[in-house]
Amino acid sequence: MTAAEQRPGAPMPPAADGRHPDGPTSGGPTSGGSTSGGGRPSRRWLKAVIVFLLIAIPAGYLVISAIQSRNGGEEKAEAASAKGLSAGYPTRVQRRIYDVPVPPHSKKVAFYETNSWKVSSLYVQFVTDRDGLDSFLHRIGTARSALDKGKVTITGDQAKKVGWQVGEAGHDWAGMELKQKDPQPKLRITVKFDNPAHPKVYVVSTVTP
């Protein structure tokens with residue numbers, strides 16, 4: 001038996017290529033260790049997403065802000081031109097109190113109400129047809145024959161309050177005043193017959209408490 005066999009625990013000398021017979025050398029790669037091509041996965045995609053968001057989000061806010069600014073400007077222009085008129089039918093209570101039965105299916109309906117301790121007024125405009133105009137006049141106790149051709153009964157101050165252009169030259173106007181005993185309302189009605197099939201009606205109804 002040789003000396004090496006008699007001492008099995010003794011370390012063996014390294015081979016000529018530098019590798020230990022029982023495993024890798026202390027300077028070589030260990031099992032389970034990372035290779036030169038290993039490491040954490042690349043984060044380039046994450047950086048690209050962050051850069052995209054940093055560019056896209058502010059740009060999106062700018063677009064939204066521009067749209068809101070444009071819409072806000074259009075709304076302000078419409079409000080300025082309307083000068084208090086609200087689109088749509090007056091409430092049933094308003095129509096009953098002021099005696100302004102706007103015909104069904106009317107177009108471009110708008111109204112405005114003013115109130116004070118002395119007097120209250122309802123301003124109403126609408127576009128209707130021949131039957132609608134006749135029905136409206138009949139329901140307030142009058143008729144088309146009561147309209148005076150060329151007459152504008154709504155005053156300049158009343159028209160200015162809501163931005164109406166009643167009385168302008170070059171248009172076919174007709175008007176009437178309906179005076180009733182208090183507390184019934186007094187109506188000033190002016191109709192534009194530029195399109196006889198679809199007259200535009202302007203009404204100012206005033207109630208004195």
# chains A, B, ... in the order shown; residues from 1 in each chain; ligands from 1
>>> residues_around(residues="Tyr89 of chain A", least_positions_apart="6", cutoff="8 Å", atoms="only C-alpha atoms", output="list in words")
Val102, Val109, Ala110 and Phe111 of chain A
>>> write_last_selection(atoms="C-alpha atoms", output="mmCIF file, in the first residue's frame")
data_model
loop_
_atom_site.group_PDB
_atom_site.id
_atom_site.type_symbol
_atom_site.label_atom_id
_atom_site.label_comp_id
_atom_site.auth_asym_id
_atom_site.auth_seq_id
_atom_site.Cartn_x
_atom_site.Cartn_y
_atom_site.Cartn_z
ATOM 1 C CA VAL A 102 -96.135 78.123 -26.203
ATOM 2 C CA VAL A 109 -87.787 78.228 -27.809
ATOM 3 C CA ALA A 110 -86.123 80.381 -25.141
ATOM 4 C CA PHE A 111 -87.248 82.405 -22.153
#
>>> atom_distance(atom1="atom CA of Met176 of chain A", atom2="atom CA of Leu133 of chain A")
13.4 Å
>>> residues_around(residues="Tyr112 of chain A", least_positions_apart="3", cutoff="8 Å", atoms="only C-alpha atoms", output="list in words")
Gly84, Leu85, Ser86, Leu122, Tyr123, Val124 and Val162 of chain A
>>> closest_residue(among="A:Gly132, A:Pro101, A:Gly150, A:Gly163", to="Thr190 of chain A", atoms="only C-alpha atoms")
A:Gly150
>>> closest_residue(among="A:Asn195, A:Gln180, A:Ser106, A:Thr208", to="Phe136 of chain A", atoms="only C-alpha atoms")
A:Ser106
>>> closest_residue(among="A:Val204, A:Leu137, A:Val100, A:Ala197", to="Val152 of chain A", atoms="only C-alpha atoms")
A:Val204
>>> atom_distance(atom1="atom CA of Tyr202 of chain A", atom2="atom CA of Ile189 of chain A")
5.8 Å
>>> closest_residue(among="A:Asp182, A:Gly88, A:Lys192, A:Val51", to="Ala169 of chain A", atoms="only C-alpha atoms")
A:Lys192
>>> closest_residue(among="A:Arg95, A:Lys186, A:His198, A:Arg130", to="Ala143 of chain A", atoms="only C-alpha atoms")
A:Arg130
>>> residues_around(residues="Asp134 of chain A", least_positions_apart="3", cutoff="10 Å", atoms="only C-alpha atoms", output="PyMOL selection string")
chain A and resi 103+128-131+137-139+142-145
>>> write_last_selection(atoms="N, CA, C and O atoms", output="compact mmCIF listing (two decimals), in the first residue's frame")
# COMPACT_ATOMS: atom_id res chain seq x y z
N PRO A 103 -96.87 76.92 -28.23
CA PRO A 103 -97.39 75.76 -28.95
C PRO A 103 -96.43 74.57 -28.90
O PRO A 103 -95.20 74.75 -28.91
N THR A 128 -92.90 78.82 -34.80
CA THR A 128 -93.98 77.85 -34.95
C THR A 128 -94.45 77.84 -36.41
O THR A 128 -93.80 78.44 -37.28
N ASP A 129 -95.57 77.18 -36.68
CA ASP A 129 -96.13 77.21 -38.03
C ASP A 129 -97.44 78.00 -37.99
O ASP A 129 -97.80 78.58 -36.95
N ARG A 130 -98.15 78.05 -39.10
CA ARG A 130 -99.39 78.84 -39.16
C ARG A 130 -100.40 78.37 -38.11
O ARG A 130 -101.01 79.17 -37.39
N ASP A 131 -100.59 77.06 -38.06
CA ASP A 131 -101.57 76.52 -37.10
C ASP A 131 -101.14 76.79 -35.66
O ASP A 131 -101.97 77.08 -34.80
N LEU A 137 -102.63 82.34 -30.38
CA LEU A 137 -103.44 83.55 -30.27
C LEU A 137 -104.85 83.23 -29.76
O LEU A 137 -105.42 83.98 -28.96
N HIS A 138 -105.39 82.12 -30.23
CA HIS A 138 -106.73 81.73 -29.78
C HIS A 138 -106.75 81.43 -28.29
O HIS A 138 -107.70 81.81 -27.57
N ARG A 139 -105.72 80.78 -27.79
CA ARG A 139 -105.68 80.38 -26.38
C ARG A 139 -105.52 81.58 -25.46
O ARG A 139 -105.92 81.51 -24.29
N THR A 142 -107.37 85.94 -28.46
CA THR A 142 -107.32 86.87 -29.58
C THR A 142 -107.17 86.08 -30.88
O THR A 142 -107.35 84.87 -30.90
N ALA A 143 -106.83 86.78 -31.97
CA ALA A 143 -106.73 86.11 -33.27
C ALA A 143 -105.69 86.82 -34.13
O ALA A 143 -105.22 87.92 -33.81
N ARG A 144 -105.34 86.19 -35.25
CA ARG A 144 -104.34 86.75 -36.14
C ARG A 144 -104.77 88.12 -36.66
O ARG A 144 -103.92 88.99 -36.91
N SER A 145 -106.06 88.34 -36.81
CA SER A 145 -106.56 89.61 -37.33
C SER A 145 -106.23 90.78 -36.40
O SER A 145 -106.25 91.95 -36.82
>>> atom_distance(atom1="atom CA of Lys151 of chain A", atom2="atom CA of Lys118 of chain A")
27.7 Å
